[in-house]
>>> print(open('final.txt').read())   # compact mmCIF, C-alpha atoms
# COMPACT_ATOMS: atom_id res chain seq x y z
CA MET Y 22 -85.91 -133.49 129.64
CA SER Y 23 -82.84 -131.99 127.98
CA SER Y 24 -81.66 -129.06 125.88
CA GLU Y 25 -78.64 -128.43 123.67
CA PHE Y 26 -77.22 -125.20 122.32
CA ARG Y 27 -73.97 -123.91 120.88
CA HIS Y 28 -72.85 -120.34 120.39
CA GLY Y 29 -69.35 -119.50 119.24
CA PHE Y 30 -66.72 -121.63 120.96
CA LEU Y 31 -69.04 -122.92 123.70
CA ARG Y 32 -71.40 -125.88 123.58
CA GLY Y 33 -73.89 -126.68 126.32
CA LYS Y 34 -76.20 -129.55 127.15
CA SER Y 35 -78.72 -129.86 129.99
CA ARG Y 36 -80.28 -132.90 131.60
CA ARG Y 37 -83.05 -133.05 134.20
CA SER Y 38 -83.72 -135.91 136.61
CA GLU Y 39 -85.24 -136.76 139.98
CA SER Y 40 -82.14 -138.76 140.84
CA VAL Y 41 -78.92 -137.16 142.11
CA PRO Y 42 -76.74 -140.20 141.30
CA ASP Y 43 -78.03 -140.10 137.72
CA LEU Y 44 -76.58 -136.61 137.19
CA ALA Y 45 -73.81 -135.98 139.76
CA ARG Y 46 -71.35 -138.55 138.43
CA GLY Y 47 -68.09 -138.81 136.57
CA GLU Y 48 -64.35 -138.25 137.03
CA PHE Y 49 -63.18 -134.66 137.52
CA ASP Y 50 -59.93 -132.90 138.32
CA TYR Y 51 -61.55 -130.29 140.54
CA ALA Y 52 -64.92 -129.78 142.25
CA LEU Y 53 -66.44 -126.76 144.03
CA PHE Y 54 -69.05 -127.11 146.80
CA SER Y 55 -70.52 -124.62 149.25
CA SER Y 56 -72.15 -125.14 152.64
CA SER Y 57 -75.29 -123.25 153.65
CA TRP Y 58 -78.29 -123.33 155.96
CA ASP Y 59 -80.16 -124.11 152.71
CA LYS Y 60 -80.63 -127.89 152.78
CA ARG Y 61 -79.83 -128.12 149.07
CA CYS Y 62 -76.14 -127.91 149.90
CA LEU Y 63 -76.41 -131.59 150.86
CA SER Y 64 -78.25 -132.76 147.72
CA VAL Y 65 -74.97 -133.60 145.99
CA THR Y 66 -73.91 -135.86 148.90
CA CYS Y 67 -76.35 -138.46 147.56
CA ALA Y 68 -74.00 -138.97 144.59
CA THR Y 69 -72.44 -142.42 144.52
CA GLU Y 70 -70.26 -142.26 141.40
CA LEU Y 71 -68.78 -138.76 141.61
CA ARG Y 72 -65.00 -138.43 141.92
CA ALA Y 73 -62.82 -135.31 141.96
CA ALA Y 74 -59.08 -135.44 142.61
CA ASN Y 75 -59.28 -132.02 144.28
CA CYS Y 76 -62.20 -130.25 145.99
CA SER Y 77 -62.88 -126.86 147.54
CA VAL Y 78 -65.67 -126.39 150.08
CA VAL Y 79 -66.84 -122.86 150.85
CA ILE Y 80 -67.65 -122.52 154.58
CA PRO Y 81 -69.23 -119.08 155.25
CA ASP Y 82 -68.63 -117.48 158.65
CA LEU Y 83 -72.31 -116.64 159.08
CA ARG Y 84 -74.13 -118.98 161.50
CA ASP Y 85 -77.88 -119.51 162.00
CA VAL Y 86 -79.75 -119.82 165.30
CA SER Y 87 -81.21 -123.17 164.26
CA GLY Y 88 -77.74 -124.67 163.93
CA LEU Y 89 -78.22 -125.76 160.32
CA MET Y 90 -74.79 -124.55 159.25
CA ASP Y 91 -73.14 -126.37 162.13
CA LYS Y 92 -74.92 -129.53 161.00
CA HIS Y 93 -74.32 -129.15 157.26
CA ASP Y 94 -70.63 -128.11 157.33
CA PRO Y 95 -69.19 -131.44 158.59
CA LEU Y 96 -71.49 -133.52 156.38
CA LEU Y 97 -70.42 -131.68 153.23
CA LEU Y 98 -66.75 -131.73 154.23
CA GLN Y 99 -66.96 -135.46 154.91
CA PHE Y 100 -68.45 -136.05 151.46
CA ALA Y 101 -65.84 -133.89 149.71
CA SER Y 102 -63.01 -135.63 151.56
CA LYS Y 103 -64.40 -138.99 150.48
CA ILE Y 104 -64.37 -138.17 146.76
CA GLY Y 105 -61.05 -136.31 146.65
CA LYS Y 106 -58.44 -134.15 148.41
CA CYS Y 107 -60.39 -131.41 150.18
CA LYS Y 108 -59.53 -127.77 150.92
CA GLU Y 109 -61.73 -125.47 153.02
CA LEU Y 110 -62.39 -121.88 151.89
CA ARG Y 111 -63.52 -119.85 154.90
CA GLY Y 112 -64.63 -116.24 155.20
CA ASP Y 113 -67.47 -113.72 155.27
CA SER Y 114 -69.99 -114.45 152.50
CA ARG Y 115 -70.01 -110.71 151.73
CA ASP Y 116 -66.21 -110.63 151.34
CA VAL Y 117 -66.46 -112.00 147.83
CA ASP Y 118 -62.96 -110.86 146.87
CA GLY Y 119 -61.40 -112.65 149.83
CA LEU Y 120 -63.19 -115.91 149.06
CA TRP Y 121 -62.47 -115.52 145.35
CA ASN Y 122 -58.72 -115.14 145.94
CA GLN Y 123 -58.68 -118.36 147.97
CA LEU Y 124 -60.66 -120.21 145.29
CA LEU Y 125 -58.60 -118.96 142.36
CA GLN Y 126 -55.32 -119.82 144.08
CA HIS Y 127 -56.47 -123.39 144.75
CA VAL Y 128 -57.59 -123.90 141.14
CA LEU Y 129 -54.34 -122.43 139.78
CA ASP Y 130 -52.34 -124.77 142.03
CA VAL Y 131 -54.28 -127.77 140.70
CA HIS Y 132 -53.80 -126.62 137.12
CA ARG Y 133 -50.05 -126.14 137.58
CA GLU Y 134 -49.74 -129.57 139.16
CA LEU Y 135 -51.58 -131.37 136.35
CA ALA Y 136 -50.23 -129.13 133.53
CA ARG Y 137 -53.26 -129.63 131.30
CA PRO Y 138 -56.82 -128.28 130.89
CA LEU Y 139 -59.03 -129.39 133.77
CA ARG Y 140 -62.42 -131.05 133.97
CA ILE Y 141 -64.31 -129.04 136.59
CA PHE Y 142 -67.49 -129.82 138.55
CA ILE Y 143 -69.46 -127.01 140.22
CA ASP Y 144 -72.42 -127.44 142.56
CA LEU Y 145 -74.35 -124.25 141.80
CA SER Y 146 -77.19 -125.01 144.25
CA THR Y 147 -75.98 -122.92 147.19
CA CYS Y 148 -72.64 -121.57 145.96
CA PRO Y 149 -72.39 -117.76 145.72
CA ARG Y 150 -72.70 -116.78 142.06
CA PHE Y 151 -69.64 -114.55 142.31
CA LEU Y 152 -67.57 -117.68 142.97
CA SER Y 153 -69.34 -120.27 140.80
CA LEU Y 154 -69.82 -118.08 137.71
CA GLY Y 155 -66.44 -116.44 138.25
CA LEU Y 156 -64.77 -119.86 138.26
CA LEU Y 157 -66.64 -120.85 135.11
CA SER Y 158 -65.69 -117.70 133.22
CA GLN Y 159 -62.07 -117.48 134.33
CA ALA Y 160 -61.43 -121.18 133.80
CA VAL Y 161 -62.85 -121.16 130.27
CA LEU Y 162 -61.41 -117.84 129.14
CA SER Y 163 -57.91 -118.62 130.44
CA GLY Y 164 -57.84 -122.17 129.09
CA ILE Y 165 -57.58 -123.64 132.61
CA ALA Y 166 -60.63 -125.83 131.86
CA SER Y 167 -61.76 -127.58 128.70
CA GLU Y 168 -65.00 -128.81 130.26
CA VAL Y 169 -67.18 -127.57 133.12
CA THR Y 170 -70.11 -129.53 134.54
CA VAL Y 171 -72.62 -127.65 136.69
CA PHE Y 172 -75.05 -129.40 139.06
CA TYR Y 173 -78.18 -127.71 140.42
CA SER Y 174 -80.85 -128.76 142.92
CA GLU Y 175 -84.19 -126.95 142.54
CA GLY Y 176 -85.57 -125.35 145.69
CA ASP Y 177 -88.88 -125.52 147.52
CA TYR Y 178 -89.17 -121.99 148.89
CA PRO Y 179 -91.24 -120.97 151.92
CA GLU Y 180 -94.39 -118.90 151.62
CA GLU Y 181 -94.11 -115.19 152.36
CA GLU Y 182 -95.71 -115.06 155.80
CA SER Y 183 -95.16 -111.38 156.54
CA GLU Y 184 -94.87 -108.02 154.82
CA GLU Y 185 -91.12 -108.17 155.47
CA ASP Y 186 -90.88 -111.49 153.59
CA GLN Y 187 -92.41 -109.88 150.52
CA HIS Y 188 -89.60 -107.33 150.40
CA GLU Y 189 -86.69 -109.13 152.08
CA LEU Y 190 -87.06 -112.87 151.57
CA PHE Y 191 -83.40 -113.88 151.12
CA THR Y 192 -81.51 -110.70 152.00
CA ALA Y 193 -81.80 -107.75 154.38
CA GLY Y 194 -80.83 -104.12 153.85
CA GLY Y 195 -79.58 -102.69 150.58
CA TRP Y 196 -77.95 -104.28 147.55
CA ASP Y 197 -74.75 -103.45 145.74
CA ALA Y 198 -73.80 -104.79 142.32
CA VAL Y 199 -70.27 -105.90 141.42
CA PRO Y 200 -69.01 -107.53 138.20
CA VAL Y 201 -68.26 -111.25 138.20
CA PRO Y 202 -64.53 -111.99 137.64
CA GLY Y 203 -63.75 -112.30 133.95
CA LEU Y 204 -67.09 -110.82 132.93
CA GLU Y 205 -66.47 -107.12 133.51
CA GLY Y 206 -67.62 -106.31 129.96
CA GLU Y 207 -66.80 -103.29 127.82
CA TRP Y 208 -67.67 -99.67 128.58
CA ASP Y 209 -67.90 -96.63 126.35
CA PRO Y 210 -68.85 -93.27 127.94
CA ASP Y 211 -70.62 -92.20 124.76
CA LYS Y 212 -73.05 -95.12 124.79
CA LYS Y 213 -76.36 -95.53 126.60
CA ARG Y 214 -76.85 -97.97 129.49
CA ALA Y 215 -79.01 -101.09 128.97
CA TYR Y 216 -79.90 -103.59 131.70
CA LEU Y 217 -81.04 -107.16 131.12
CA VAL Y 218 -82.27 -108.41 134.50
CA SER Y 219 -83.11 -111.96 135.54
CA VAL Y 220 -85.94 -111.58 138.04
CA GLY Y 221 -87.18 -113.57 141.03
CA PHE Y 222 -89.10 -113.05 144.27
CA GLU Y 223 -87.25 -109.97 145.58
CA GLY Y 224 -88.84 -107.56 143.13
CA SER Y 225 -88.82 -104.45 145.33
CA LYS Y 226 -85.07 -104.69 145.86
CA THR Y 227 -84.53 -105.33 142.17
CA LEU Y 228 -86.49 -102.17 141.42
CA ARG Y 229 -84.45 -100.11 143.88
CA LEU Y 230 -81.15 -101.41 142.51
CA VAL Y 231 -82.04 -100.85 138.86
CA SER Y 232 -83.62 -97.44 139.50
CA ARG Y 233 -80.49 -96.27 141.31
CA LYS Y 234 -78.40 -96.91 138.17
CA GLU Y 235 -80.90 -95.05 135.93
CA PRO Y 236 -80.52 -97.24 132.83
CA ASP Y 237 -81.86 -96.01 129.51
CA GLU Y 238 -83.46 -99.38 128.76
CA VAL Y 239 -84.46 -102.39 130.85
CA SER Y 240 -85.29 -105.91 129.66
CA LEU Y 241 -86.13 -109.02 131.68
CA LEU Y 242 -85.28 -112.70 131.72
CA PHE Y 243 -88.43 -114.11 133.32
CA PRO Y 244 -88.83 -117.63 134.83
CA ASP Y 245 -91.81 -119.09 132.96
CA PRO Y 246 -92.53 -121.95 133.43
CA GLY Y 247 -91.44 -121.78 137.04
CA VAL Y 248 -90.00 -124.44 139.31
CA LYS Y 249 -93.57 -124.62 140.63
CA PRO Y 250 -96.55 -123.33 138.61
CA GLU Y 251 -97.47 -120.84 141.33
CA TYR Y 252 -94.00 -119.30 141.28
CA VAL Y 253 -94.73 -117.63 137.92
CA ASP Y 254 -97.56 -115.50 139.32
CA ARG Y 255 -95.57 -114.82 142.49
CA THR Y 256 -92.65 -113.50 140.42
CA ARG Y 257 -94.95 -111.47 138.16
CA LYS Y 258 -96.59 -109.72 141.13
CA ARG Y 259 -93.28 -108.98 142.83
CA ASN Y 260 -91.85 -107.42 139.64
CA ALA Y 261 -94.93 -105.59 138.37
CA PRO Y 262 -93.66 -102.23 139.75
CA LEU Y 263 -90.35 -102.73 137.91
CA ILE Y 264 -92.15 -103.44 134.64
CA LYS Y 265 -94.38 -100.40 135.13
CA ARG Y 266 -91.55 -98.06 136.20
CA PHE Y 267 -89.45 -98.78 133.11
CA ARG Y 268 -92.38 -99.41 130.75
CA ILE Y 269 -90.97 -102.77 129.72
CA PRO Y 270 -92.91 -104.12 126.72
CA ASP Y 271 -93.63 -107.83 126.21
CA ASP Y 272 -91.08 -108.08 123.42
CA ARG Y 273 -88.32 -107.24 125.92
CA ILE Y 274 -89.45 -109.87 128.43
CA ILE Y 275 -87.68 -113.13 127.56
CA ARG Y 276 -89.46 -116.12 129.08
CA SER Y 277 -87.72 -119.41 129.76
CA ASP Y 278 -87.86 -122.43 132.07
CA ALA Y 279 -86.66 -121.37 135.53
CA GLY Y 280 -84.40 -124.41 135.90
CA ASP Y 281 -82.93 -124.97 132.43
CA ALA Y 282 -79.88 -122.77 131.92
CA ILE Y 283 -79.18 -124.05 128.42
CA GLU Y 284 -82.74 -123.40 127.24
CA ALA Y 285 -82.55 -119.88 128.71
CA TRP Y 286 -79.20 -119.30 126.96
CA LYS Y 287 -80.84 -120.33 123.68
CA ARG Y 288 -83.82 -118.01 124.30
CA LEU Y 289 -81.44 -115.11 124.94
CA GLU Y 290 -79.76 -115.72 121.59
CA GLU Y 291 -83.09 -116.00 119.77
CA ALA Y 292 -84.20 -112.67 121.24
CA SER Y 293 -80.83 -110.92 120.72
CA ILE Y 294 -82.16 -107.69 122.20
CA GLU Y 295 -78.72 -106.18 122.85
CA ARG Y 296 -77.50 -103.28 120.69
CA PRO Y 297 -73.76 -103.09 121.45
CA ASP Y 298 -73.11 -100.46 118.80
CA GLU Y 299 -75.09 -97.94 120.88
CA GLN Y 300 -75.38 -99.48 124.36
CA ASN Y 301 -73.23 -100.47 127.31
CA VAL Y 302 -74.88 -103.78 128.21
CA TYR Y 303 -75.24 -105.08 131.77
CA TYR Y 304 -76.68 -108.44 132.83
CA VAL Y 305 -78.00 -108.40 136.41
CA CYS Y 306 -78.45 -111.64 138.41
CA CYS Y 307 -81.60 -111.15 140.53
CA GLY Y 308 -83.43 -114.36 139.57
CA THR Y 309 -82.81 -118.11 139.59
CA LYS Y 310 -79.29 -119.46 139.57
CA PRO Y 311 -79.83 -121.33 136.27
CA HIS Y 312 -80.91 -118.02 134.70
CA SER Y 313 -77.76 -116.41 136.12
CA LEU Y 314 -75.76 -119.22 134.51
CA ALA Y 315 -77.52 -118.53 131.20
CA LEU Y 316 -76.56 -114.85 131.40
CA ALA Y 317 -72.97 -115.85 132.19
CA LEU Y 318 -72.82 -118.14 129.15
CA ARG Y 319 -74.10 -115.37 126.89
CA ALA Y 320 -71.66 -112.86 128.38
CA LEU Y 321 -68.83 -115.37 127.90
CA THR Y 322 -69.50 -115.76 124.19
CA LEU Y 323 -70.40 -112.15 123.40
CA ARG Y 324 -67.66 -110.64 125.64
CA TYR Y 325 -69.06 -107.09 125.67
CA PRO Y 326 -71.77 -107.45 128.40
CA ALA Y 327 -70.88 -107.08 132.08
CA LEU Y 328 -72.39 -109.67 134.43
CA LEU Y 329 -73.34 -108.14 137.80
CA TYR Y 330 -73.55 -110.09 141.06
CA ILE Y 331 -75.69 -108.78 143.93
CA VAL Y 332 -73.93 -108.25 147.28
CA PRO Y 333 -76.51 -107.64 150.06
CA ASP Y 334 -75.99 -105.79 153.33
CA ARG Y 335 -76.95 -109.04 155.09
CA HIS Y 336 -78.16 -112.52 154.17
CA ARG Y 337 -81.39 -113.73 155.79
CA VAL Y 338 -81.62 -117.33 156.99
CA VAL Y 339 -84.39 -118.98 154.95
CA ASP Y 340 -85.55 -122.56 155.42
CA VAL Y 341 -85.23 -123.93 151.87
CA ASP Y 342 -85.68 -127.61 151.06
CA ALA Y 343 -84.68 -129.51 147.95
CA LEU Y 344 -87.67 -129.93 145.65
CA GLY Y 345 -86.42 -133.28 144.36
CA VAL Y 346 -85.69 -132.09 140.82
CA PHE Y 347 -82.06 -131.85 139.71
CA TRP Y 348 -80.18 -130.51 136.69
CA ARG Y 349 -76.83 -131.13 135.07
CA PHE Y 350 -75.31 -128.67 132.61
CA ASP Y 351 -72.31 -129.88 130.60
CA LEU Y 352 -70.27 -127.10 129.00
CA VAL Y 353 -67.48 -127.79 126.52
CA ASP Y 354 -64.96 -125.32 125.11
CA MET Y 355 -64.96 -126.41 121.47
CA SER Y 356 -61.79 -124.42 120.80
CA SER Y 357 -59.80 -126.59 123.19
CA LEU Y 358 -58.15 -129.60 121.57
CA GLU Y 359 -58.40 -131.36 124.93
CA ALA Y 360 -62.19 -131.13 124.76
CA TYR Y 361 -62.45 -133.38 121.71
CA ASP Y 362 -61.20 -136.35 123.71
CA HIS Y 363 -64.45 -136.32 125.72
CA LEU Y 364 -67.09 -135.63 123.08
CA ASP Y 365 -69.98 -138.10 122.81
>>> encode(input="final.txt", output="structure tokens")
Amino acid sequence: MSSEFRHGFLRGKSRRSESVPDLARGEFDYALFSSSWDKRCLSVTCATELRAANCSVVIPDLRDVSGLMDKHDPLLLQFASKIGKCKELRGDSRDVDGLWNQLLQHVLDVHRELARPLRIFIDLSTCPRFLSLGLLSQAVLSGIASEVTVFYSEGDYPEEESEEDQHELFTAGGWDAVPVPGLEGEWDPDKKRAYLVSVGFEGSKTLRLVSRKEPDEVSLLFPDPGVKPEYVDRTRKRNAPLIKRFRIPDDRIIRSDAGDAIEAWKRLEEASIERPDEQNVYYVCCGTKPHSLALALRALTLRYPALLYIVPDRHRVVDVDALGVFWRFDLVDMSSLEAYDHLD
């Protein structure tokens, strides 16, 4: 299964496989990985033909009582050190600015050393979107990268066993929304506020966040088909109050495969629901990571939308396994002369 789409200067291609080595492969100048209690952080370690001259590994301070982080950290660091020169990025997962400054400095150092546009590999599976999508946007917009390859491992999520799980599956407490670096968007005080929200299982928190901002219009990017067939109904039920509260009609609910970022990017363009002449447009990442990537790609090419990342009061430890389905998204900056050397 694959998709292709181009908008403006950016071309994207997706590939789906049940084999990590089939997708996580190639020679790169820089790679970004992130440890987690989520077992998908180790999916990429099954790669046998992946090389990156320089790697960063995000090691969050937060520990879990089961000891999963303590187990996963050394395994991921060992893998990264095997494929290239490895640098650890440590800090509080909620201190996104602190982690971002470490990441950006490392990438800039690599770029200065090589003195040419980079080929970058990002494992999106468990990496905070503020870092992964921020790296993508800043690297492309600044000319640091001519090509970015994104790897993603689909997740097998636990059932909601309690009332608390239905409202706080992945996070606890409140949410705050901050713009992703490079995708702050444009703002005009005379324009209305429009939200395009990718939705997932935490519907009640999505509703509270969006309601607090009092947008004039809300649209959804909805995962259909889902990673699993039953996930579609689960997402619909969790977000029914949001749809009712903002009276969101079907023609403002954009449906796309939960795992295919390029297909979702294409669907967003086909819908083209934004009205920048009269709206300040905000994209809000509350759904799947591939859908967040799709919103980032559209924000990158349109430039006027702001892409918002959710910072929770606390992260909840959730036992997530890899589903055994993997994606690769290859993104090429067609305006970069360096990119033409690698076209098929």
>>> closest_residue(input="final.txt", among="Y:Glu168, Y:Glu175, Y:Asp94, Y:Asp209", to="Phe347 (chain Y)", atoms="only C-alpha atoms")
Y:Glu175
>>> residues_around(input="final.txt", residues="Ala198 (chain Y)", least_positions_apart="4", cutoff="12 Å", atoms="only C-alpha atoms", output="list of chain:residue names")
Y:Arg115, Y:Val117, Y:Phe151, Y:Glu205, Y:Lys226, Y:Thr227, Y:Arg229, Y:Leu230, Y:Val231, Y:Arg233, Y:Lys234, Y:Tyr303, Y:Tyr304, Y:Val305, Y:Cys306, Y:Cys307, Y:Ala327, Y:Leu328, Y:Leu329, Y:Tyr330, Y:Ile331, Y:Val332, Y:Pro333, Y:Asp334
>>> residues_around(input="final.txt", residues="region 353-358 of chain Y", least_positions_apart="2", cutoff="7 Å", atoms="all atoms listed in the file", output="list in words")
Phe30, Leu31, Arg32, Gly33, Val161, Ser167, Glu168, Val169, Asp351, Ala360 and Tyr361 of chain Y
>>> residues_around(input="final.txt", residues="region 103-114 of chain Y", least_positions_apart="4", cutoff="8 Å", atoms="only C-alpha atoms", output="VMD selection string")
chain Y and resid 71 to 83 98 to 99 119 to 120 123 to 124 149
>>> closest_residue(input="final.txt", among="Y:Ile294, Y:Thr147, Y:Gly308, Y:Leu263", to="Phe222 (chain Y)", atoms="all atoms listed in the file")
Y:Gly308
>>> atom_distance(input="final.txt", atom1="CA of Thr322 (chain Y)", atom2="CA of Leu44 (chain Y)")
25.6 Å
>>> closest_residue(input="final.txt", among="Y:Ala279, Y:Ala317, Y:Leu129, Y:Leu162", to="Leu217 (chain Y)", atoms="all atoms listed in the file")
Y:Ala317
>>> residues_around(input="final.txt", residues="Tyr173 (chain Y)", least_positions_apart="5", cutoff="6 Å", atoms="all atoms listed in the file", output="list in words")
Leu145, Ser146, Phe347 and Trp348 of chain Y
>>> residues_around(input="final.txt", residues="Glu238 (chain Y)", least_positions_apart="5", cutoff="9 Å", atoms="all atoms listed in the file", output="count of residues only")
7
>>> atom_distance(input="final.txt", atom1="CA of Asp50 (chain Y)", atom2="CA of Leu139 (chain Y)")
5.8 Å
>>> closest_residue(input="final.txt", among="Y:Met22, Y:Leu242, Y:Val253, Y:Val86", to="Lys287 (chain Y)", atoms="all atoms listed in the file")
Y:Leu242
>>> atom_distance(input="final.txt", atom1="CA of Asp118 (chain Y)", atom2="CA of Ala160 (chain Y)")
16.7 Å
>>> decode(input="final.txt", residues="region 91-99 of chain Y", atoms="all heavy atoms", output="PDB file, in the first residue's frame")
ATOM      1  N   ASP Y  91      13.589   2.021  31.943  1.00  0.00           N
ATOM      2  CA  ASP Y  91      14.943   1.580  32.300  1.00  0.00           C
ATOM      3  C   ASP Y  91      15.414   0.440  31.403  1.00  0.00           C
ATOM      4  O   ASP Y  91      16.616   0.265  31.178  1.00  0.00           O
ATOM      5  CB  ASP Y  91      14.983   1.140  33.767  1.00  0.00           C
ATOM      6  CG  ASP Y  91      14.769   2.299  34.718  1.00  0.00           C
ATOM      7  OD1 ASP Y  91      15.087   3.443  34.345  1.00  0.00           O
ATOM      8  OD2 ASP Y  91      14.264   2.072  35.831  1.00  0.00           O
ATOM      9  N   LYS Y  92      14.480  -0.329  30.897  1.00  0.00           N
ATOM     10  CA  LYS Y  92      14.813  -1.417  29.976  1.00  0.00           C
ATOM     11  C   LYS Y  92      15.018  -0.896  28.557  1.00  0.00           C
ATOM     12  O   LYS Y  92      15.957  -1.314  27.854  1.00  0.00           O
ATOM     13  CB  LYS Y  92      13.698  -2.461  29.990  1.00  0.00           C
ATOM     14  CG  LYS Y  92      13.885  -3.590  28.994  1.00  0.00           C
ATOM     15  CD  LYS Y  92      12.699  -4.551  29.014  1.00  0.00           C
ATOM     16  CE  LYS Y  92      12.846  -5.640  27.959  1.00  0.00           C
ATOM     17  NZ  LYS Y  92      11.664  -6.553  27.937  1.00  0.00           N
ATOM     18  N   HIS Y  93      14.145   0.018  28.127  1.00  0.00           N
ATOM     19  CA  HIS Y  93      14.181   0.477  26.733  1.00  0.00           C
ATOM     20  C   HIS Y  93      15.334   1.442  26.445  1.00  0.00           C
ATOM     21  O   HIS Y  93      15.913   1.409  25.344  1.00  0.00           O
ATOM     22  CB  HIS Y  93      12.855   1.152  26.377  1.00  0.00           C
ATOM     23  CG  HIS Y  93      11.683   0.231  26.408  1.00  0.00           C
ATOM     24  ND1 HIS Y  93      10.385   0.672  26.396  1.00  0.00           N
ATOM     25  CD2 HIS Y  93      11.611  -1.124  26.448  1.00  0.00           C
ATOM     26  CE1 HIS Y  93       9.560  -0.358  26.435  1.00  0.00           C
ATOM     27  NE2 HIS Y  93      10.281  -1.464  26.465  1.00  0.00           N
ATOM     28  N   ASP Y  94      15.660   2.313  27.410  1.00  0.00           N
ATOM     29  CA  ASP Y  94      16.706   3.328  27.183  1.00  0.00           C
ATOM     30  C   ASP Y  94      18.014   2.717  26.667  1.00  0.00           C
ATOM     31  O   ASP Y  94      18.515   3.128  25.608  1.00  0.00           O
ATOM     32  CB  ASP Y  94      16.991   4.113  28.474  1.00  0.00           C
ATOM     33  CG  ASP Y  94      15.851   5.029  28.880  1.00  0.00           C
ATOM     34  OD1 ASP Y  94      14.877   5.146  28.123  1.00  0.00           O
ATOM     35  OD2 ASP Y  94      15.947   5.628  29.971  1.00  0.00           O
ATOM     36  N   PRO Y  95      18.610   1.755  27.376  1.00  0.00           N
ATOM     37  CA  PRO Y  95      19.903   1.226  26.911  1.00  0.00           C
ATOM     38  C   PRO Y  95      19.806   0.484  25.588  1.00  0.00           C
ATOM     39  O   PRO Y  95      20.760   0.507  24.795  1.00  0.00           O
ATOM     40  CB  PRO Y  95      20.340   0.293  28.050  1.00  0.00           C
ATOM     41  CG  PRO Y  95      19.093  -0.036  28.798  1.00  0.00           C
ATOM     42  CD  PRO Y  95      18.215   1.151  28.673  1.00  0.00           C
ATOM     43  N   LEU Y  96      18.681  -0.172  25.331  1.00  0.00           N
ATOM     44  CA  LEU Y  96      18.531  -0.896  24.059  1.00  0.00           C
ATOM     45  C   LEU Y  96      18.488   0.072  22.878  1.00  0.00           C
ATOM     46  O   LEU Y  96      19.115  -0.171  21.833  1.00  0.00           O
ATOM     47  CB  LEU Y  96      17.253  -1.747  24.092  1.00  0.00           C
ATOM     48  CG  LEU Y  96      17.254  -2.922  25.074  1.00  0.00           C
ATOM     49  CD1 LEU Y  96      15.878  -3.596  25.106  1.00  0.00           C
ATOM     50  CD2 LEU Y  96      18.335  -3.939  24.694  1.00  0.00           C
ATOM     51  N   LEU Y  97      17.767   1.182  23.048  1.00  0.00           N
ATOM     52  CA  LEU Y  97      17.685   2.159  21.963  1.00  0.00           C
ATOM     53  C   LEU Y  97      19.012   2.894  21.787  1.00  0.00           C
ATOM     54  O   LEU Y  97      19.454   3.135  20.651  1.00  0.00           O
ATOM     55  CB  LEU Y  97      16.552   3.150  22.246  1.00  0.00           C
ATOM     56  CG  LEU Y  97      16.188   4.108  21.109  1.00  0.00           C
ATOM     57  CD1 LEU Y  97      15.799   3.338  19.847  1.00  0.00           C
ATOM     58  CD2 LEU Y  97      15.038   5.027  21.525  1.00  0.00           C
ATOM     59  N   LEU Y  98      19.668   3.215  22.890  1.00  0.00           N
ATOM     60  CA  LEU Y  98      20.972   3.875  22.803  1.00  0.00           C
ATOM     61  C   LEU Y  98      22.010   2.965  22.150  1.00  0.00           C
ATOM     62  O   LEU Y  98      22.848   3.421  21.359  1.00  0.00           O
ATOM     63  CB  LEU Y  98      21.439   4.293  24.201  1.00  0.00           C
ATOM     64  CG  LEU Y  98      20.708   5.483  24.826  1.00  0.00           C
ATOM     65  CD1 LEU Y  98      21.063   5.612  26.299  1.00  0.00           C
ATOM     66  CD2 LEU Y  98      21.060   6.768  24.086  1.00  0.00           C
ATOM     67  N   GLN Y  99      21.953   1.686  22.466  1.00  0.00           N
ATOM     68  CA  GLN Y  99      22.879   0.728  21.851  1.00  0.00           C
ATOM     69  C   GLN Y  99      22.664   0.665  20.336  1.00  0.00           C
ATOM     70  O   GLN Y  99      23.624   0.640  19.559  1.00  0.00           O
ATOM     71  CB  GLN Y  99      22.686  -0.649  22.474  1.00  0.00           C
ATOM     72  CG  GLN Y  99      23.618  -1.718  21.935  1.00  0.00           C
ATOM     73  CD  GLN Y  99      23.342  -3.080  22.551  1.00  0.00           C
ATOM     74  OE1 GLN Y  99      22.246  -3.352  23.051  1.00  0.00           O
ATOM     75  NE2 GLN Y  99      24.334  -3.954  22.534  1.00  0.00           N
TER      76      GLN Y  99
END
